[in-house]
Structures are given as C-alpha cells and as structure tokens.
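run.pdb (PDB, N, CA and C atoms)
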ATOM      1  N   MET U1135     -43.905  -2.782 -58.113
ATOM      2  CA  MET U1135     -43.174  -2.615 -59.338
ATOM      3  C   MET U1135     -43.877  -1.585 -60.208
ATOM      4  N   ILE U1136     -43.121  -0.664 -60.727
ATOM      5  CA  ILE U1136     -43.680   0.388 -61.567
ATOM      6  C   ILE U1136     -43.670  -0.093 -63.018
ATOM      7  N   GLU U1137     -44.831  -0.019 -63.638
ATOM      8  CA  GLU U1137     -44.966  -0.456 -65.026
ATOM      9  C   GLU U1137     -45.575   0.643 -65.861
ATOM     10  N   VAL U1138     -45.075   0.760 -67.086
ATOM     11  CA  VAL U1138     -45.656   1.678 -68.051
ATOM     12  C   VAL U1138     -45.775   0.919 -69.356
ATOM     13  N   LYS U1139     -46.997   0.798 -69.827
ATOM     14  CA  LYS U1139     -47.217   0.119 -71.096
ATOM     15  C   LYS U1139     -47.295   1.166 -72.204
ATOM     16  N   VAL U1140     -46.592   0.905 -73.287
ATOM     17  CA  VAL U1140     -46.592   1.834 -74.411
ATOM     18  C   VAL U1140     -47.929   1.717 -75.122
ATOM     19  N   LYS U1141     -48.603   2.859 -75.218
ATOM     20  CA  LYS U1141     -49.910   2.873 -75.854
ATOM     21  C   LYS U1141     -49.763   2.843 -77.372
ATOM     22  N   LYS U1142     -50.869   2.575 -78.024
ATOM     23  CA  LYS U1142     -50.864   2.529 -79.475
ATOM     24  C   LYS U1142     -50.541   3.918 -80.024
ATOM     25  N   ASN U1143     -49.666   3.969 -81.008
ATOM     26  CA  ASN U1143     -49.228   5.223 -81.646
ATOM     27  C   ASN U1143     -48.574   6.195 -80.658
ATOM     28  N   GLU U1144     -47.924   5.670 -79.628
ATOM     29  CA  GLU U1144     -47.227   6.517 -78.669
ATOM     30  C   GLU U1144     -45.727   6.366 -78.867
ATOM     31  N   SER U1145     -45.017   7.485 -78.827
ATOM     32  CA  SER U1145     -43.574   7.418 -79.006
ATOM     33  C   SER U1145     -42.921   6.859 -77.738
ATOM     34  N   VAL U1146     -41.743   6.312 -77.913
ATOM     35  CA  VAL U1146     -41.006   5.738 -76.793
ATOM     36  C   VAL U1146     -40.596   6.850 -75.824
ATOM     37  N   GLU U1147     -40.254   8.036 -76.359
ATOM     38  CA  GLU U1147     -39.861   9.147 -75.511
ATOM     39  C   GLU U1147     -40.996   9.546 -74.559
ATOM     40  N   ARG U1148     -42.210   9.535 -75.075
ATOM     41  CA  ARG U1148     -43.374   9.878 -74.255
ATOM     42  C   ARG U1148     -43.585   8.826 -73.159
ATOM     43  N   ALA U1149     -43.398   7.560 -73.503
ATOM     44  CA  ALA U1149     -43.543   6.485 -72.522
ATOM     45  C   ALA U1149     -42.462   6.601 -71.445
ATOM     46  N   ILE U1150     -41.254   6.966 -71.841
ATOM     47  CA  ILE U1150     -40.170   7.131 -70.873
ATOM     48  C   ILE U1150     -40.476   8.288 -69.929
ATOM     49  N   SER U1151     -41.021   9.380 -70.467
ATOM     50  CA  SER U1151     -41.348  10.512 -69.604
ATOM     51  C   SER U1151     -42.469  10.147 -68.630
ATOM     52  N   ARG U1152     -43.444   9.334 -69.067
ATOM     53  CA  ARG U1152     -44.489   8.873 -68.158
ATOM     54  C   ARG U1152     -43.901   8.001 -67.064
ATOM     55  N   PHE U1153     -42.936   7.150 -67.446
ATOM     56  CA  PHE U1153     -42.266   6.289 -66.472
ATOM     57  C   PHE U1153     -41.524   7.127 -65.434
ATOM     58  N   LYS U1154     -40.776   8.119 -65.892
ATOM     59  CA  LYS U1154     -40.030   8.982 -64.968
ATOM     60  C   LYS U1154     -40.965   9.703 -64.016
ATOM     61  N   LYS U1155     -42.106  10.139 -64.525
ATOM     62  CA  LYS U1155     -43.087  10.834 -63.687
ATOM     63  C   LYS U1155     -43.629   9.902 -62.612
ATOM     64  N   LYS U1156     -43.938   8.648 -62.992
ATOM     65  CA  LYS U1156     -44.444   7.683 -62.014
ATOM     66  C   LYS U1156     -43.397   7.376 -60.946
ATOM     67  N   VAL U1157     -42.143   7.250 -61.360
ATOM     68  CA  VAL U1157     -41.066   6.970 -60.407
ATOM     69  C   VAL U1157     -40.938   8.117 -59.417
ATOM     70  N   LYS U1158     -41.014   9.348 -59.928
ATOM     71  CA  LYS U1158     -40.889  10.507 -59.043
ATOM     72  C   LYS U1158     -42.073  10.605 -58.084
ATOM     73  N   GLU U1159     -43.292  10.380 -58.584
ATOM     74  CA  GLU U1159     -44.483  10.436 -57.734
ATOM     75  C   GLU U1159     -44.458   9.358 -56.661
ATOM     76  N   ASP U1160     -43.957   8.197 -57.023
ATOM     77  CA  ASP U1160     -43.921   7.079 -56.094
ATOM     78  C   ASP U1160     -42.873   7.276 -54.997
ATOM     79  N   GLY U1161     -41.854   8.089 -55.264
ATOM     80  CA  GLY U1161     -40.797   8.314 -54.288
ATOM     81  C   GLY U1161     -39.808   7.172 -54.235
ATOM     82  N   PHE U1162     -39.750   6.390 -55.286
ATOM     83  CA  PHE U1162     -38.898   5.210 -55.333
ATOM     84  C   PHE U1162     -37.420   5.583 -55.219
ATOM     85  N   LEU U1163     -36.965   6.560 -56.011
ATOM     86  CA  LEU U1163     -35.556   6.945 -55.977
ATOM     87  C   LEU U1163     -35.187   7.595 -54.653
ATOM     88  N   PHE U1164     -36.134   8.336 -54.070
ATOM     89  CA  PHE U1164     -35.874   8.963 -52.774
ATOM     90  C   PHE U1164     -35.604   7.906 -51.716
ATOM     91  N   THR U1165     -36.416   6.850 -51.705
ATOM     92  CA  THR U1165     -36.212   5.804 -50.702
ATOM     93  C   THR U1165     -34.920   5.031 -50.954
ATOM     94  N   LEU U1166     -34.576   4.822 -52.226
ATOM     95  CA  LEU U1166     -33.306   4.155 -52.521
ATOM     96  C   LEU U1166     -32.132   4.979 -52.013
ATOM     97  N   LYS U1167     -32.176   6.265 -52.290
ATOM     98  CA  LYS U1167     -31.101   7.151 -51.861
ATOM     99  C   LYS U1167     -31.045   7.213 -50.332
ATOM    100  N   GLU U1168     -32.215   7.242 -49.716
ATOM    101  CA  GLU U1168     -32.296   7.325 -48.265
ATOM    102  C   GLU U1168     -31.745   6.061 -47.603
ATOM    103  N   ARG U1169     -31.982   4.912 -48.188
ATOM    104  CA  ARG U1169     -31.564   3.639 -47.585
ATOM    105  C   ARG U1169     -30.175   3.189 -48.005
ATOM    106  N   GLN U1170     -29.492   4.024 -48.784
ATOM    107  CA  GLN U1170     -28.165   3.657 -49.256
ATOM    108  C   GLN U1170     -27.186   3.507 -48.082
ATOM    109  N   TYR U1171     -27.331   4.383 -47.075
ATOM    110  CA  TYR U1171     -26.469   4.338 -45.909
ATOM    111  C   TYR U1171     -27.334   4.286 -44.655
ATOM    112  N   TYR U1172     -26.800   3.720 -43.627
ATOM    113  CA  TYR U1172     -27.520   3.656 -42.359
ATOM    114  C   TYR U1172     -27.483   5.021 -41.691
ATOM    115  N   THR U1173     -28.624   5.443 -41.198
ATOM    116  CA  THR U1173     -28.681   6.680 -40.419
ATOM    117  C   THR U1173     -29.240   6.347 -39.041
ATOM    118  N   LYS U1174     -28.620   6.944 -38.053
ATOM    119  CA  LYS U1174     -29.069   6.709 -36.689
ATOM    120  C   LYS U1174     -30.469   7.290 -36.513
ATOM    121  N   PRO U1175     -31.275   6.704 -35.632
ATOM    122  CA  PRO U1175     -32.625   7.225 -35.394
ATOM    123  C   PRO U1175     -32.639   8.699 -34.980
ATOM    124  N   SER U1176     -31.642   9.113 -34.202
ATOM    125  CA  SER U1176     -31.600  10.519 -33.784
ATOM    126  C   SER U1176     -31.358  11.434 -34.995
ATOM    127  N   GLU U1177     -30.544  10.991 -35.941
ATOM    128  CA  GLU U1177     -30.303  11.771 -37.149
ATOM    129  C   GLU U1177     -31.560  11.844 -38.008
ATOM    130  N   GLU U1178     -32.304  10.744 -38.059
ATOM    131  CA  GLU U1178     -33.551  10.735 -38.820
ATOM    132  C   GLU U1178     -34.552  11.724 -38.229
ATOM    133  N   ARG U1179     -34.660  11.730 -36.902
ATOM    134  CA  ARG U1179     -35.581  12.674 -36.253
ATOM    135  C   ARG U1179     -35.159  14.110 -36.512
ATOM    136  N   ARG U1180     -33.855  14.368 -36.426
ATOM    137  CA  ARG U1180     -33.342  15.722 -36.650
ATOM    138  C   ARG U1180     -33.626  16.176 -38.083
ATOM    139  N   GLU U1181     -33.388  15.291 -39.032
ATOM    140  CA  GLU U1181     -33.635  15.619 -40.442
ATOM    141  C   GLU U1181     -35.125  15.832 -40.700
ATOM    142  N   LYS U1182     -35.958  15.019 -40.090
ATOM    143  CA  LYS U1182     -37.407  15.164 -40.247
ATOM    144  C   LYS U1182     -37.866  16.519 -39.710
ATOM    145  N   LYS U1183     -37.316  16.907 -38.557
ATOM    146  CA  LYS U1183     -37.652  18.192 -37.959
ATOM    147  C   LYS U1183     -37.198  19.345 -38.858
ATOM    148  N   ASN U1184     -36.000  19.233 -39.412
ATOM    149  CA  ASN U1184     -35.483  20.285 -40.293
ATOM    150  C   ASN U1184     -36.310  20.401 -41.575
ATOM    151  N   ARG U1185     -36.745  19.256 -42.121
ATOM    152  CA  ARG U1185     -37.593  19.304 -43.327
ATOM    153  C   ARG U1185     -38.907  20.006 -43.023
ATOM    154  N   ALA U1186     -39.470  19.744 -41.839
ATOM    155  CA  ALA U1186     -40.730  20.394 -41.453
ATOM    156  C   ALA U1186     -40.527  21.896 -41.286
ATOM    157  N   LYS U1187     -39.411  22.306 -40.701
ATOM    158  CA  LYS U1187     -39.123  23.728 -40.536
ATOM    159  C   LYS U1187     -39.027  24.422 -41.891
ATOM    160  N   ARG U1188     -38.292  23.806 -42.819
ATOM    161  CA  ARG U1188     -38.154  24.397 -44.160
ATOM    162  C   ARG U1188     -39.500  24.483 -44.854
ATOM    163  N   ARG U1189     -40.278  23.409 -44.760
ATOM    164  CA  ARG U1189     -41.583  23.372 -45.405
ATOM    165  C   ARG U1189     -42.486  24.479 -44.853
ATOM    166  N   ASN U1190     -42.507  24.628 -43.528
ATOM    167  CA  ASN U1190     -43.326  25.664 -42.910
ATOM    168  C   ASN U1190     -42.846  27.056 -43.285
ATOM    169  N   PHE U1191     -41.537  27.241 -43.353
ATOM    170  CA  PHE U1191     -40.981  28.540 -43.711
ATOM    171  C   PHE U1191     -41.425  28.943 -45.116
ATOM    172  N   TYR U1192     -41.280  28.034 -46.071
ATOM    173  CA  TYR U1192     -41.660  28.352 -47.445
ATOM    174  C   TYR U1192     -43.164  28.493 -47.601
ATOM    175  N   ASN U1193     -43.935  27.739 -46.829
ATOM    176  CA  ASN U1193     -45.391  27.905 -46.869
ATOM    177  C   ASN U1193     -45.791  29.278 -46.336
ATOM    178  N   ARG U1194     -45.130  29.745 -45.263
ATOM    179  CA  ARG U1194     -45.430  31.067 -44.728
ATOM    180  C   ARG U1194     -45.063  32.152 -45.735
ATOM    181  N   LEU U1195     -43.913  31.998 -46.416
ATOM    182  CA  LEU U1195     -43.523  32.968 -47.434
ATOM    183  C   LEU U1195     -44.564  33.029 -48.550
ATOM    184  N   ARG U1196     -45.014  31.867 -48.973
ATOM    185  CA  ARG U1196     -46.007  31.802 -50.040
ATOM    186  C   ARG U1196     -47.312  32.461 -49.606
ATOM    187  N   ASP U1197     -47.712  32.218 -48.356
ATOM    188  CA  ASP U1197     -48.954  32.809 -47.845
ATOM    189  C   ASP U1197     -48.838  34.339 -47.727
ATOM    190  N   GLU U1198     -47.671  34.830 -47.311
ATOM    191  CA  GLU U1198     -47.489  36.270 -47.194
ATOM    192  C   GLU U1198     -47.557  36.945 -48.554
ATOM    193  N   LYS U1199     -47.022  36.306 -49.568
ATOM    194  CA  LYS U1199     -47.069  36.872 -50.921
ATOM    195  C   LYS U1199     -48.492  36.906 -51.455
ATOM    196  N   SER U1200     -49.305  35.948 -51.080
ATOM    197  CA  SER U1200     -50.669  35.914 -51.579
ATOM    198  C   SER U1200     -51.524  36.995 -50.939
ATOM    199  N   PHE U1201     -51.145  37.471 -49.731
ATOM    200  CA  PHE U1201     -51.911  38.519 -49.069
ATOM    201  C   PHE U1201     -51.635  39.902 -49.661
ATOM    202  N   ARG U1202     -50.502  40.059 -50.290
ATOM    203  CA  ARG U1202     -50.125  41.368 -50.848
ATOM    204  C   ARG U1202     -50.837  41.679 -52.109
TER     205      ARG U1202
END
Using structure tokens, write down the structure from this file.
Amino acid sequence: MIEVKVKKNESVERAISRFKKKVKEDGFLFTLKERQYYTKPSEERREKKNRAKRRNFYNRLRDEKSFR
C-alpha cells in the first residue's frame, strides 16, 4: 500500500504530487492497466521483445548523439 503522510506546514498539492510520484515509481498503475485484460503468454513474450527493441534503439540513438 502506498502511503504519503502530509508533513508539517506542507500544502495538500505538494503531498498529492509526492503521492503521484510514488505511484509512478512503483509501477502500480502500469500493472493495473496490464492486468485489466488477459493476454496470452505468446503475446506477452512478443510485447516484451518489442519493448526491448525500442529501448535498445533509443539507447543507441542517445549514445550516437553523445559521440558527436
């Protein structure tokens, strides 16, 4: 369970932004969205492979820019 305690003299907006940051770091919404529908194991493997390809592609682009 994700908890955020409001500190002394802290605005509610700041506490909400800390909460949103913790939720994003934890990956809670990603897992909820992912588990909303059943996906076949073969689809999961395919998606995992595609995410790795995209990640590697963008990492290579970033590395090429740093060499210039």
Box along x, y and z, 8 Å on every side, all listed atoms of stretch 1176-1192 of chain U inside: centre and edge lengths in Å to one decimal, as JSON.
{"center_x": -36.8, "center_y": 19.0, "center_z": -40.7, "size_x": 29.0, "size_y": 35.8, "size_z": 29.8}
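Interatomic distance, atom C of U:Glu1177 to atom N of U:Arg1196: 26.5 Å.
Nearest to U:Leu1163 of all the residues U:Ser1151, U:Ile1136, U:Arg1185, U:Arg1180 is U:Ile1136, based on only C-alpha atoms.
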Quick one: DSSP alpha helix (DSSP H) residues in chain U, as a PyMOL selection string?
-> chain U and resi 1146-1160+1162-1168+1175-1201
May I ask for the distance between atom CA of U:Glu1178 and atom N of U:Phe1164, given in Å to one decimal place?
-> 15.7 Å
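Across the structure, atom N of U:Val1138 and atom CA of U:Lys1155 are spaced 10.8 Å apart.
Take the candidates U:Met1135, U:Ala1186, U:Lys1199, U:Asn1193 and check each one against U:Lys1156 using only C-alpha atoms; the shortest distance goes to U:Met1135.
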